[in-house]
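Participant: Below is a structure I'd like to ask you about.
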Amino acid sequence: MHTQSIVFITGGTSGIGKETVRALATTGATVVFTARDAKKGEAVQEEITRETGNSTVTFLIGDLSSFASIRAVAEEFKKRYSRLDVLINNAGVLPQERQESKDGIELNLAVNYLAPFLLTNLLLPVLKQSAPSRIINVSSSMYTEGEIRFDDLESKKSFTKYSAYAQSKLALLLFTKKLARDLKGSGVTVNALHPGVIGTEITMQNVRTMNPLVAFIFKRTFISPAQGAETSVYLATSPDVANISGEYFEKKKSVSSAPQANDMDVAEKLETIAKTKVLL
Ligand SMILES: NC(=O)c1ccc[n+]([C@@H]2O[C@H](COP(=O)([O-])OP(=O)(O)OC[C@H]3O[C@@H](n4cnc5c(N)ncnc54)[C@H](OP(=O)(O)O)[C@@H]3O)[C@@H](O)[C@H]2O)c1
């Protein structure tokens, strides 16, 4: 990554996203992140600018549970910046109950899959113009527990929090693999990753519902948010992965993914549905 590089990351206000912003800011790149709340965005911008001396760190207000907001954020980004070297789809949710987005879509599907799907597609022209460029999708190893339930994609018939989350992270991985195929020869790469298990809000809300002994043991497996950011930072910056695309990474290593993440018929069917939902 060179100092003129521009990185755009969703969900830079806490956890892994915030640590990814911090690490990338130290490279001297221009780092733009999304925040839902201006106060939270300002606090992160101020803290990281002060710490790294990188005055380009900035944020755009955006709610990934709204297609209109995603479109507005992509427009604003394109208005302000003429290139995009790295897009990191990091923001994610794991709601405890079934919830719907502003567009009336089950929240895991909306924020963890349809939001990165729409944002990436809207920014693809600028990523192509800026090639070589990279797209990084923060998935989760929980995708292995997932299946794409075409008969109940939005968990209307039955909802369990982990299966809705796992399905959305599998959908993101299928999107990654299909997009890598479509982008062959374009100079734009796209990879996905599992960050590790980190005691951020997304995890802690589940820990609070666990039996105390199970919670105690589970918490001992946590790595820090900064460690959780390492694979995203590696994929964003390392020359070793400049020509790698369509792969799934854990601990900065490409690892083989489960059969359900390689089913391109499912990926294509899902993409057709996603396009209809986000009106692409
Ligand atoms: N922590 C883990 O153990 C773990 C494991 C596997 C995968 N992951 C994945 O890692 C990614 C980052 O999670 P984290 O652990 O850093 O969790 P986190 O601390 O809860 O951070 C989630 C981020 O996503 C943002 N976000 C949530 N809903 C949003 C929405 N509707 N619009 C815009 N932004 C939204 C949050 O913004 P606000 O500050 O406004 O809430 C926050 O910046 C997620 O994709 C998650 O699925 C995490």
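Each chain of the structure tokens is named A, B, ... in the order shown, its residues numbered from 1; ligands are numbered from 1 in display order.
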Go through the chains and note each residue within 8 Å of ligand 1, using only C-alpha atoms and all ligand atoms, then give the set as JSON, numbers by chain.

Facilitator: {"A": [10, 11, 12, 13, 14, 15, 16, 17, 18, 34, 35, 36, 37, 40, 62, 63, 64, 65, 66, 89, 90, 91, 92, 93, 94, 101, 111, 112, 138, 139, 140, 141, 142, 169, 194, 195, 196, 197, 198, 199, 200, 201, 202, 203, 222, 225, 228]}

Participant: Please report, as a PyMOL selection string, each residue of range 118-238 of chain A to which DSSP assigns alpha helix (DSSP H) when run on this structure's backbone.

Facilitator: chain A and resi 118-129+161-182+201-207+212-219+225-237

Participant: Go through range 14-242 of chain A and collect every residue that DSSP, computed from the backbone, puts in strand (DSSP E or B); the answer should be as a ChimeraX atom specification.

Facilitator: /A:30-35,58-61,86-89,100,106,133-138,188-194,198,223

Participant: Have a look at A:Ala110, A:Ile6, A:Arg98, A:Ala192 and name the one nearest to Ser256 in chain A; count only C-alpha atoms.

Facilitator: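 For Ser256 in chain A, the nearest of the candidates is A:Ala192.
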
Participant: Can you tell me which residues surround Asn137 in chain A at a distance of at most 9 Å, considering only C-alpha atoms, apart from same-chain residues fewer than 4 positions away, and format the answer as a list in words?

Facilitator: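 These residues fall inside the cut-off: Leu87, Ile88, Asn89, Asn90, Pro116, Leu172, Leu173, Thr176, Val190, Asn191, Ala192, Leu193 and Ser232 of chain A.
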
Participant: If you keep N, CA and C atoms, can you produce a file of those selected residues as a compact mmCIF listing (two decimals), in the first residue's frame?

Facilitator:
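Here's the written file out-v6.txt:
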```txt
# COMPACT_ATOMS: atom_id res chain seq x y z
N LEU A 87 -11.58 -1.71 -0.39
CA LEU A 87 -12.90 -1.64 0.26
C LEU A 87 -12.97 -2.79 1.26
N ILE A 88 -13.24 -2.46 2.53
CA ILE A 88 -13.36 -3.52 3.54
C ILE A 88 -14.80 -3.52 4.08
N ASN A 89 -15.53 -4.58 3.74
CA ASN A 89 -16.89 -4.75 4.25
C ASN A 89 -16.77 -5.44 5.60
N ASN A 90 -16.73 -4.62 6.65
CA ASN A 90 -16.46 -5.14 7.99
C ASN A 90 -17.69 -5.16 8.90
N PRO A 116 -23.12 -5.34 2.08
CA PRO A 116 -21.86 -5.42 1.33
C PRO A 116 -22.07 -5.70 -0.16
N LEU A 172 -22.23 -14.17 2.27
CA LEU A 172 -21.13 -13.23 1.99
C LEU A 172 -19.95 -13.96 1.36
N LEU A 173 -19.70 -15.18 1.82
CA LEU A 173 -18.59 -15.97 1.27
C LEU A 173 -18.89 -16.42 -0.16
N THR A 176 -18.35 -13.54 -2.34
CA THR A 176 -16.90 -13.33 -2.53
C THR A 176 -16.38 -14.21 -3.66
N VAL A 190 -10.89 -10.01 -4.64
CA VAL A 190 -11.86 -10.04 -3.53
C VAL A 190 -11.64 -11.31 -2.71
N ASN A 191 -11.45 -11.11 -1.42
CA ASN A 191 -11.23 -12.24 -0.52
C ASN A 191 -12.08 -12.06 0.74
N ALA A 192 -12.28 -13.18 1.44
CA ALA A 192 -13.06 -13.13 2.68
C ALA A 192 -12.20 -13.66 3.82
N LEU A 193 -12.65 -13.41 5.05
CA LEU A 193 -11.85 -13.86 6.20
C LEU A 193 -12.71 -14.10 7.43
N SER A 232 -7.55 -8.70 8.27
CA SER A 232 -8.07 -7.64 7.38
C SER A 232 -6.91 -6.74 6.92
```

Participant: Closest to Val266 in chain A among A:Glu106, A:Glu147, A:Glu19, A:Asp85, using only C-alpha atoms?

Facilitator: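 Closest to Val266 in chain A, using only C-alpha atoms: A:Glu147.
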